[in-house]
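See structure below.
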Amino acid sequence: MSMVQSPQFFGEVPPILPKPKISRWPALADWLVIIGCLAYISYRNNHSAQLKSVTEEVGQMQLKLGVQMNMARKSLAEKTGRKLPESDRASDRMFSSMEQKAQSSEDKLRLAIFAGEAQGEAAALNKLDQLSKSSPPAEQMADITTLRMLYTQGVAAVSEQDREGLVKRLGYFGNLALAYGVPENTEPRKSLEAEAQHKLIQVGLVGLGAMVLVVASLVLFVIVIVQLVKKKFSHAYLAMPSTHSVYLEGFALYLVLYLLLGLIIRQFGSVSLPWYLPALLIIPLIMFWARWRGATADEQRRAFGWHLGQGLSQEIGAGLFGYIAGLPIFFAGAVLSAILVHVTHVQPYASPIDDMTKGHAGQILALYVLVCGFAPLMEETMFRGVLFHHLRGRWGWLASAGITAFIFGAIHPYGWVAIPALGSLAMVFAALREWRGSIIASMTAHACHNFLATTLLLMLLR
């Protein structure tokens, strides 16, 4: 676990020269710009009609998953000859849980369809009657009328136009409603049951993988703690005390440019990959700015963390090791965020890129490029590179990592209650930067986390 103190650069390690003392006013101006950007992001998140509560997204996800698990159980019971009891407690508990979480009229309409599938015609009609009394929009009233006809007279009584309307507006739940009373080997029930069984296998594999990952993370976390107590870990990052604020200026400039690009993207209503590619130009612009302000090429390499450290393969391996070992810290932050949500009743927002998970194969590939390539490169360079380097030249690791982690959590469009979860993850990334010197390890950990989160999201949403 021990590391040498000098990382392998593309060239010899330059001597650290003292910097001339200059006024602190530029640094104060930089911090005012950074704070202003964070305030704007917070205001935009709280007033954006485009951002949906994560509770709404999770509620829809859980409802669909609950329907699929219930359908898979019934299908497997029929195929194995096992009879489920007339009062299926597992199904009733699942339905009751979904009922408590259904807030919007759309969710309640989906819940009525779930009731038809899990509990039969009477339960579905009861839910539809309750929803009718709440004066839902005209389009939903039309769906309610169609569903009443479906449950009382059968699918054959529903016109082709009304069937297409249900599927268009309700998606999966529209197909589920049209499967009511349909024999097992007839569409759309046949496809829905096959999908449900496939989802059951996926959930089982995810659960097994999660158990293995949790055990591995706890073991590695304990190993790291023991090694730290024994002082077996050394750090390759070398703080560079400095009186100038060129890298703080660079980070402030990054926030301004990134926000401007975000405004342009929202004007066109697109979150596709091509709109994010121009953001890659921000990195060379910050490099040019630092060179123009007097930073040397070797000094930049240190600051940005753009070097091979102890070798590409070792840095990647260290990133994977560090990410798994750091998961308990992330879990602790996630629990703290959950407590804040419970106490304050403030819900985090769903990510705008979640809509990309519902696209075609090309969009899914672009999503992976965005979250596993673009985001780690950009954010690790700017946060664990530029900003961390500036702070680390003035304060110790804990303060530098903490400030960086707070800003990292605050700029993401999830709301302030998500800062502990994101910040804890950022602390792990900062620890990797301190340990390895290069940002390859933190980029690897960042990419690994985004890959796992995106894959899990895809499995649940699609």
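Here's how to read the names in the structure tokens: chain A, B, ... by the order shown, residue numbers from 1 in each chain, ligand numbers from 1 in the order shown.
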Identify, on the basis of only C-alpha atoms, every residue whose closest approach to Val158 in chain A does not exceed 7 Å; exclude the query and any residue fewer than 4 positions from it along the same chain; express the result as a list in words.
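Using only C-alpha atoms, the neighbours found are Thr146, Met149, Leu150, Asp162 and Arg163 of chain A.
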Find the residues of range 157-253 of chain A that sit at most 8 Å from range 68-81 of chain A; for each, write down the nearest two atoms and how far apart they are in Å, to one decimal. Count only C-alpha atoms. Sort by chain, then by number going up, and give it as JSON lines.
```
{"residue": "A:Glu193", "atom": "CA", "partner": "A:Ala72", "partner_atom": "CA", "distance": 6.4}
{"residue": "A:Glu195", "atom": "CA", "partner": "A:Gln68", "partner_atom": "CA", "distance": 7.8}
{"residue": "A:Ala196", "atom": "CA", "partner": "A:Gln68", "partner_atom": "CA", "distance": 4.6}
{"residue": "A:Gln197", "atom": "CA", "partner": "A:Ala72", "partner_atom": "CA", "distance": 5.1}
{"residue": "A:Lys199", "atom": "CA", "partner": "A:Gln68", "partner_atom": "CA", "distance": 7.2}
{"residue": "A:Leu200", "atom": "CA", "partner": "A:Met69", "partner_atom": "CA", "distance": 6.2}
```
What's the separation between CA of Leu248 in chain A and CA of Phe451 in chain A, in Å to one decimal place?
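Between CA of Leu248 in chain A and CA of Phe451 in chain A the gap is 29.8 Å.
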Find the residues around Gln300 in chain A up to 9 Å (only C-alpha atoms counted), leave out those fewer than 3 positions away in its own chain, and share them as an mmCIF file with C-alpha atoms, in the first residue's frame.
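For reference, part-v8.cif as written:
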```
data_model
loop_
_atom_site.group_PDB
_atom_site.id
_atom_site.type_symbol
_atom_site.label_atom_id
_atom_site.label_comp_id
_atom_site.auth_asym_id
_atom_site.auth_seq_id
_atom_site.Cartn_x
_atom_site.Cartn_y
_atom_site.Cartn_z
ATOM 1 C CA MET A 287 -5.147 25.588 -19.272
ATOM 2 C CA ALA A 290 -3.295 29.369 -16.329
ATOM 3 C CA ARG A 291 -0.405 29.602 -18.810
ATOM 4 C CA ALA A 295 1.870 28.866 -14.698
ATOM 5 C CA THR A 296 4.433 26.557 -16.296
ATOM 6 C CA ALA A 297 3.500 23.352 -18.149
ATOM 7 C CA ALA A 303 -2.258 21.028 -10.503
ATOM 8 C CA PHE A 304 -4.566 19.226 -12.929
ATOM 9 C CA GLY A 305 -3.338 15.781 -11.857
ATOM 10 C CA TRP A 306 -2.781 14.959 -15.501
ATOM 11 C CA VAL A 386 -7.848 22.516 -10.164
#
```
Excluding same-chain residues fewer than 3 positions from Leu260 in chain A, what lies within 12 Å of it counting only C-alpha atoms, as a VMD selection string?
chain A and resid 37 40 to 41 253 to 257 263 to 267 276 278 to 279 282
So that I can check the surroundings of range 309-325 of chain A, please list as a PyMOL selection string every protein, DNA and RNA residue that reaches within 7 Å of it, counting only C-alpha atoms and ignoring chain neighbours fewer than 5 positions away.
chain A and resi 7-9+217-218+220-221+432+436-438+440-442+444-445
With distances taken over only C-alpha atoms, which residue among A:Val222, A:Leu458, A:Glu379, A:Tyr414 lies nearest Met443 in chain A?
A:Glu379
For Ala418 in chain A, which of A:Met459, A:Tyr349, A:Leu387, A:Phe374 is the closest residue, counting only C-alpha atoms?
A:Tyr349
Identify, with DSSP run on backbone atoms, the residues in range 40-235 of chain A assigned to helix (DSSP H, G or I), and express the list as a PDB file with C-alpha atoms, in the first residue's frame.
```
ATOM      1  CA  TYR A  40     -27.922  30.692  -8.967  1.00  0.00           C
ATOM      2  CA  ILE A  41     -27.882  26.890  -9.260  1.00  0.00           C
ATOM      3  CA  SER A  42     -29.848  26.557  -6.022  1.00  0.00           C
ATOM      4  CA  TYR A  43     -32.395  29.148  -7.167  1.00  0.00           C
ATOM      5  CA  ARG A  44     -32.764  27.509 -10.580  1.00  0.00           C
ATOM      6  CA  ASN A  45     -33.293  24.076  -9.044  1.00  0.00           C
ATOM      7  CA  ASN A  46     -35.999  25.384  -6.719  1.00  0.00           C
ATOM      8  CA  HIS A  47     -37.857  27.216  -9.492  1.00  0.00           C
ATOM      9  CA  VAL A  54     -37.138  12.085  -7.402  1.00  0.00           C
ATOM     10  CA  THR A  55     -40.049  10.752  -5.335  1.00  0.00           C
ATOM     11  CA  GLU A  56     -42.257  10.910  -8.423  1.00  0.00           C
ATOM     12  CA  GLU A  57     -39.664   9.072 -10.517  1.00  0.00           C
ATOM     13  CA  VAL A  58     -38.975   6.481  -7.828  1.00  0.00           C
ATOM     14  CA  GLY A  59     -42.705   6.040  -7.175  1.00  0.00           C
ATOM     15  CA  GLN A  60     -43.388   5.199 -10.820  1.00  0.00           C
ATOM     16  CA  MET A  61     -40.365   2.902 -10.870  1.00  0.00           C
ATOM     17  CA  GLN A  62     -41.472   1.080  -7.717  1.00  0.00           C
ATOM     18  CA  LEU A  63     -45.044   0.746  -8.957  1.00  0.00           C
ATOM     19  CA  LYS A  64     -43.974  -0.830 -12.236  1.00  0.00           C
ATOM     20  CA  LEU A  65     -41.472  -3.076 -10.464  1.00  0.00           C
ATOM     21  CA  GLY A  66     -44.148  -4.098  -7.953  1.00  0.00           C
ATOM     22  CA  VAL A  67     -46.529  -5.037 -10.766  1.00  0.00           C
ATOM     23  CA  GLN A  68     -43.825  -7.069 -12.509  1.00  0.00           C
ATOM     24  CA  MET A  69     -42.804  -8.918  -9.344  1.00  0.00           C
ATOM     25  CA  ASN A  70     -46.450  -9.713  -8.598  1.00  0.00           C
ATOM     26  CA  MET A  71     -47.031 -10.932 -12.170  1.00  0.00           C
ATOM     27  CA  ALA A  72     -43.844 -13.021 -12.132  1.00  0.00           C
ATOM     28  CA  ARG A  73     -44.853 -14.690  -8.857  1.00  0.00           C
ATOM     29  CA  LYS A  74     -48.266 -15.603 -10.215  1.00  0.00           C
ATOM     30  CA  SER A  75     -46.878 -16.807 -13.539  1.00  0.00           C
ATOM     31  CA  LEU A  76     -44.255 -19.005 -11.874  1.00  0.00           C
ATOM     32  CA  ALA A  77     -46.825 -20.383  -9.437  1.00  0.00           C
ATOM     33  CA  GLU A  78     -49.082 -21.395 -12.339  1.00  0.00           C
ATOM     34  CA  LYS A  79     -46.208 -23.007 -14.275  1.00  0.00           C
ATOM     35  CA  THR A  80     -45.006 -25.000 -11.264  1.00  0.00           C
ATOM     36  CA  ARG A  89     -50.536 -11.318   1.769  1.00  0.00           C
ATOM     37  CA  ALA A  90     -47.365 -10.512  -0.174  1.00  0.00           C
ATOM     38  CA  SER A  91     -49.412  -9.014  -3.001  1.00  0.00           C
ATOM     39  CA  ASP A  92     -51.635  -7.108  -0.540  1.00  0.00           C
ATOM     40  CA  ARG A  93     -48.620  -5.644   1.277  1.00  0.00           C
ATOM     41  CA  MET A  94     -47.059  -4.605  -2.006  1.00  0.00           C
ATOM     42  CA  PHE A  95     -50.278  -2.947  -3.159  1.00  0.00           C
ATOM     43  CA  SER A  96     -50.757  -1.168   0.183  1.00  0.00           C
ATOM     44  CA  SER A  97     -47.203   0.205   0.011  1.00  0.00           C
ATOM     45  CA  MET A  98     -47.754   1.485  -3.529  1.00  0.00           C
ATOM     46  CA  GLU A  99     -51.085   3.037  -2.519  1.00  0.00           C
ATOM     47  CA  GLN A 100     -49.441   5.117   0.204  1.00  0.00           C
ATOM     48  CA  LYS A 101     -46.891   6.488  -2.252  1.00  0.00           C
ATOM     49  CA  SER A 105     -53.656  11.551 -10.395  1.00  0.00           C
ATOM     50  CA  GLU A 106     -51.396   9.775 -12.938  1.00  0.00           C
ATOM     51  CA  ASP A 107     -50.016   7.541 -10.194  1.00  0.00           C
ATOM     52  CA  LYS A 108     -53.515   6.809  -8.895  1.00  0.00           C
ATOM     53  CA  LEU A 109     -54.662   5.844 -12.393  1.00  0.00           C
ATOM     54  CA  ARG A 110     -51.727   3.439 -12.701  1.00  0.00           C
ATOM     55  CA  LEU A 111     -52.546   2.125  -9.230  1.00  0.00           C
ATOM     56  CA  ALA A 112     -56.107   1.366 -10.357  1.00  0.00           C
ATOM     57  CA  ILE A 113     -54.683  -0.744 -13.191  1.00  0.00           C
ATOM     58  CA  PHE A 114     -52.399  -2.490 -10.679  1.00  0.00           C
ATOM     59  CA  ALA A 115     -55.503  -3.171  -8.553  1.00  0.00           C
ATOM     60  CA  GLY A 116     -57.220  -4.765 -11.556  1.00  0.00           C
ATOM     61  CA  GLU A 117     -54.253  -7.047 -12.147  1.00  0.00           C
ATOM     62  CA  ALA A 118     -53.581  -7.957  -8.510  1.00  0.00           C
ATOM     63  CA  GLU A 121     -62.394  -6.050 -11.306  1.00  0.00           C
ATOM     64  CA  ALA A 122     -64.052  -4.759  -8.124  1.00  0.00           C
ATOM     65  CA  ALA A 123     -60.821  -3.286  -6.723  1.00  0.00           C
ATOM     66  CA  ALA A 124     -60.002  -1.578 -10.031  1.00  0.00           C
ATOM     67  CA  LEU A 125     -63.487  -0.050 -10.352  1.00  0.00           C
ATOM     68  CA  ASN A 126     -63.328   1.157  -6.746  1.00  0.00           C
ATOM     69  CA  LYS A 127     -60.052   2.979  -7.412  1.00  0.00           C
ATOM     70  CA  LEU A 128     -61.403   4.461 -10.644  1.00  0.00           C
ATOM     71  CA  ASP A 129     -64.483   5.750  -8.804  1.00  0.00           C
ATOM     72  CA  GLN A 130     -62.303   7.388  -6.144  1.00  0.00           C
ATOM     73  CA  LEU A 131     -60.180   9.027  -8.813  1.00  0.00           C
ATOM     74  CA  SER A 132     -63.257  10.297 -10.704  1.00  0.00           C
ATOM     75  CA  ALA A 138     -60.314  15.646 -19.175  1.00  0.00           C
ATOM     76  CA  GLU A 139     -57.762  13.329 -20.799  1.00  0.00           C
ATOM     77  CA  GLN A 140     -57.609  11.189 -17.660  1.00  0.00           C
ATOM     78  CA  MET A 141     -61.400  11.123 -17.417  1.00  0.00           C
ATOM     79  CA  ALA A 142     -61.426   9.666 -20.931  1.00  0.00           C
ATOM     80  CA  ASP A 143     -58.968   6.983 -19.814  1.00  0.00           C
ATOM     81  CA  ILE A 144     -61.086   6.261 -16.740  1.00  0.00           C
ATOM     82  CA  THR A 145     -64.156   5.771 -18.957  1.00  0.00           C
ATOM     83  CA  THR A 146     -62.194   3.425 -21.231  1.00  0.00           C
ATOM     84  CA  LEU A 147     -60.892   1.426 -18.274  1.00  0.00           C
ATOM     85  CA  ARG A 148     -64.362   1.092 -16.759  1.00  0.00           C
ATOM     86  CA  MET A 149     -65.579  -0.370 -20.041  1.00  0.00           C
ATOM     87  CA  LEU A 150     -62.570  -2.689 -20.165  1.00  0.00           C
ATOM     88  CA  TYR A 151     -63.105  -4.072 -16.656  1.00  0.00           C
ATOM     89  CA  THR A 152     -66.893  -4.455 -16.949  1.00  0.00           C
ATOM     90  CA  GLN A 153     -67.306  -5.558 -20.581  1.00  0.00           C
ATOM     91  CA  VAL A 155     -61.079  -5.923 -23.797  1.00  0.00           C
ATOM     92  CA  ALA A 156     -63.150  -6.692 -26.907  1.00  0.00           C
ATOM     93  CA  ALA A 157     -65.538  -3.850 -26.032  1.00  0.00           C
ATOM     94  CA  GLU A 160     -58.841   0.148 -31.404  1.00  0.00           C
ATOM     95  CA  GLN A 161     -58.483   3.908 -31.123  1.00  0.00           C
ATOM     96  CA  ASP A 162     -59.080   3.838 -27.368  1.00  0.00           C
ATOM     97  CA  ARG A 163     -56.581   0.979 -26.988  1.00  0.00           C
ATOM     98  CA  GLU A 164     -53.902   2.967 -28.806  1.00  0.00           C
ATOM     99  CA  GLY A 165     -54.703   5.975 -26.636  1.00  0.00           C
ATOM    100  CA  LEU A 166     -54.214   3.975 -23.427  1.00  0.00           C
ATOM    101  CA  VAL A 167     -50.830   2.667 -24.574  1.00  0.00           C
ATOM    102  CA  LYS A 168     -49.724   6.082 -25.832  1.00  0.00           C
ATOM    103  CA  ARG A 169     -50.578   7.883 -22.590  1.00  0.00           C
ATOM    104  CA  LEU A 170     -49.903   5.154 -20.011  1.00  0.00           C
ATOM    105  CA  TYR A 172     -46.524  -0.096 -19.794  1.00  0.00           C
ATOM    106  CA  PHE A 173     -49.673   0.328 -17.694  1.00  0.00           C
ATOM    107  CA  GLY A 174     -51.776   0.788 -20.807  1.00  0.00           C
ATOM    108  CA  ASN A 175     -50.584  -2.603 -22.057  1.00  0.00           C
ATOM    109  CA  LEU A 176     -51.156  -4.060 -18.594  1.00  0.00           C
ATOM    110  CA  ALA A 177     -54.775  -2.896 -18.626  1.00  0.00           C
ATOM    111  CA  LEU A 178     -55.292  -4.408 -22.085  1.00  0.00           C
ATOM    112  CA  ARG A 189     -50.141 -10.899 -21.521  1.00  0.00           C
ATOM    113  CA  LYS A 190     -47.592 -13.295 -22.976  1.00  0.00           C
ATOM    114  CA  SER A 191     -45.023 -10.521 -23.532  1.00  0.00           C
ATOM    115  CA  LEU A 192     -45.766  -8.874 -20.189  1.00  0.00           C
ATOM    116  CA  GLU A 193     -45.271 -12.120 -18.268  1.00  0.00           C
ATOM    117  CA  ALA A 194     -42.031 -12.860 -20.124  1.00  0.00           C
ATOM    118  CA  GLU A 195     -40.789  -9.357 -19.290  1.00  0.00           C
ATOM    119  CA  ALA A 196     -41.816  -9.784 -15.647  1.00  0.00           C
ATOM    120  CA  GLN A 197     -39.918 -13.077 -15.336  1.00  0.00           C
ATOM    121  CA  HIS A 198     -36.865 -11.495 -16.940  1.00  0.00           C
ATOM    122  CA  LYS A 199     -37.110  -8.613 -14.464  1.00  0.00           C
ATOM    123  CA  LEU A 200     -37.375 -11.064 -11.562  1.00  0.00           C
ATOM    124  CA  ILE A 201     -34.103 -12.672 -12.648  1.00  0.00           C
ATOM    125  CA  GLN A 202     -32.494  -9.228 -12.999  1.00  0.00           C
ATOM    126  CA  VAL A 203     -33.609  -8.210  -9.507  1.00  0.00           C
ATOM    127  CA  GLY A 204     -32.235 -11.456  -8.086  1.00  0.00           C
ATOM    128  CA  LEU A 205     -28.866 -10.931  -9.770  1.00  0.00           C
ATOM    129  CA  VAL A 206     -28.743  -7.300  -8.646  1.00  0.00           C
ATOM    130  CA  GLY A 207     -29.504  -8.365  -5.078  1.00  0.00           C
ATOM    131  CA  LEU A 208     -26.780 -11.007  -5.170  1.00  0.00           C
ATOM    132  CA  GLY A 209     -24.288  -8.567  -6.687  1.00  0.00           C
ATOM    133  CA  ALA A 210     -25.181  -5.950  -4.079  1.00  0.00           C
ATOM    134  CA  MET A 211     -24.541  -8.414  -1.265  1.00  0.00           C
ATOM    135  CA  VAL A 212     -21.122  -9.334  -2.673  1.00  0.00           C
ATOM    136  CA  LEU A 213     -20.248  -5.656  -3.162  1.00  0.00           C
ATOM    137  CA  VAL A 214     -21.311  -4.729   0.377  1.00  0.00           C
ATOM    138  CA  VAL A 215     -19.238  -7.535   1.926  1.00  0.00           C
ATOM    139  CA  ALA A 216     -16.212  -6.644  -0.236  1.00  0.00           C
ATOM    140  CA  SER A 217     -16.507  -2.942   0.594  1.00  0.00           C
ATOM    141  CA  LEU A 218     -16.677  -3.595   4.337  1.00  0.00           C
ATOM    142  CA  VAL A 219     -13.639  -5.884   4.225  1.00  0.00           C
ATOM    143  CA  LEU A 220     -11.587  -3.394   2.182  1.00  0.00           C
ATOM    144  CA  PHE A 221     -12.753  -0.472   4.339  1.00  0.00           C
ATOM    145  CA  VAL A 222     -11.506  -2.242   7.476  1.00  0.00           C
ATOM    146  CA  ILE A 223      -8.198  -3.039   5.742  1.00  0.00           C
ATOM    147  CA  VAL A 224      -7.753   0.638   4.809  1.00  0.00           C
ATOM    148  CA  ILE A 225      -8.525   1.790   8.364  1.00  0.00           C
ATOM    149  CA  VAL A 226      -6.017  -0.680   9.805  1.00  0.00           C
ATOM    150  CA  GLN A 227      -3.370   0.410   7.305  1.00  0.00           C
ATOM    151  CA  LEU A 228      -4.020   4.065   8.126  1.00  0.00           C
ATOM    152  CA  VAL A 229      -3.681   3.398  11.858  1.00  0.00           C
TER     153      VAL A 229
END
```
For Arg433 in chain A, which of A:Lys231, A:His446, A:His360, A:Arg293 is the closest residue, counting only C-alpha atoms?
A:His446
Residues within 12 Å of Pro376 in chain A, please, as a list in words. Count only C-alpha atoms; anything in the same chain fewer than 4 positions from it doesn't count.
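Selected residues are Leu280, Tyr368, Val369, Leu370, Val371, Cys372, Glu380, Thr381, Met382, Phe383, Arg384, Gly385, Ala426, Phe429, Ile439, Ile440, Ala441, Ser442, Met443, Thr444, Ala445, His446, Ala447, Cys448, His449, Asn450 and Phe451 of chain A.
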Suppose we keep C-alpha atoms; can you now write the selection as a CSV table (one decimal), in the first residue's frame?
```
chain,number,residue,atom,x,y,z
A,280,LEU,CA,-14.7,19.8,-23.3
A,368,TYR,CA,-22.9,5.9,-21.0
A,369,VAL,CA,-20.3,8.0,-22.8
A,370,LEU,CA,-21.7,11.1,-21.0
A,371,VAL,CA,-21.7,9.7,-17.5
A,372,CYS,CA,-18.7,7.4,-17.6
A,380,GLU,CA,-12.3,15.3,-11.7
A,381,THR,CA,-10.1,17.7,-13.6
A,382,MET,CA,-11.9,20.7,-12.3
A,383,PHE,CA,-12.7,19.6,-8.7
A,384,ARG,CA,-10.1,17.0,-7.6
A,385,GLY,CA,-7.6,18.7,-10.0
A,426,ALA,CA,-16.5,13.4,-3.4
A,429,PHE,CA,-12.4,10.9,-4.7
A,439,ILE,CA,-6.5,12.0,-11.0
A,440,ILE,CA,-6.6,8.8,-12.9
A,441,ALA,CA,-7.7,6.9,-9.8
A,442,SER,CA,-10.4,9.3,-8.9
A,443,MET,CA,-11.6,9.4,-12.5
A,444,THR,CA,-11.8,5.6,-12.5
A,445,ALA,CA,-13.8,5.6,-9.2
A,446,HIS,CA,-16.1,8.3,-10.6
A,447,ALA,CA,-16.7,6.4,-13.8
A,448,CYS,CA,-17.3,3.1,-11.9
A,449,HIS,CA,-19.9,4.7,-9.7
A,450,ASN,CA,-21.7,6.4,-12.6
A,451,PHE,CA,-21.6,3.1,-14.6
```
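The shortest atom-to-atom distance to Thr404 in chain A, with only C-alpha atoms taken into account, belongs to A:Phe251 out of A:Phe251, A:Ala453, A:Tyr180, A:Ser245.
We find CA of Gly326 in chain A and CA of Trp435 in chain A to be spaced 13.1 Å apart.
With only C-alpha atoms as the atoms that count, the residue of A:Ala431, A:Arg302, A:Leu259, A:Leu367 with the shortest distance to His412 in chain A is A:Leu259.
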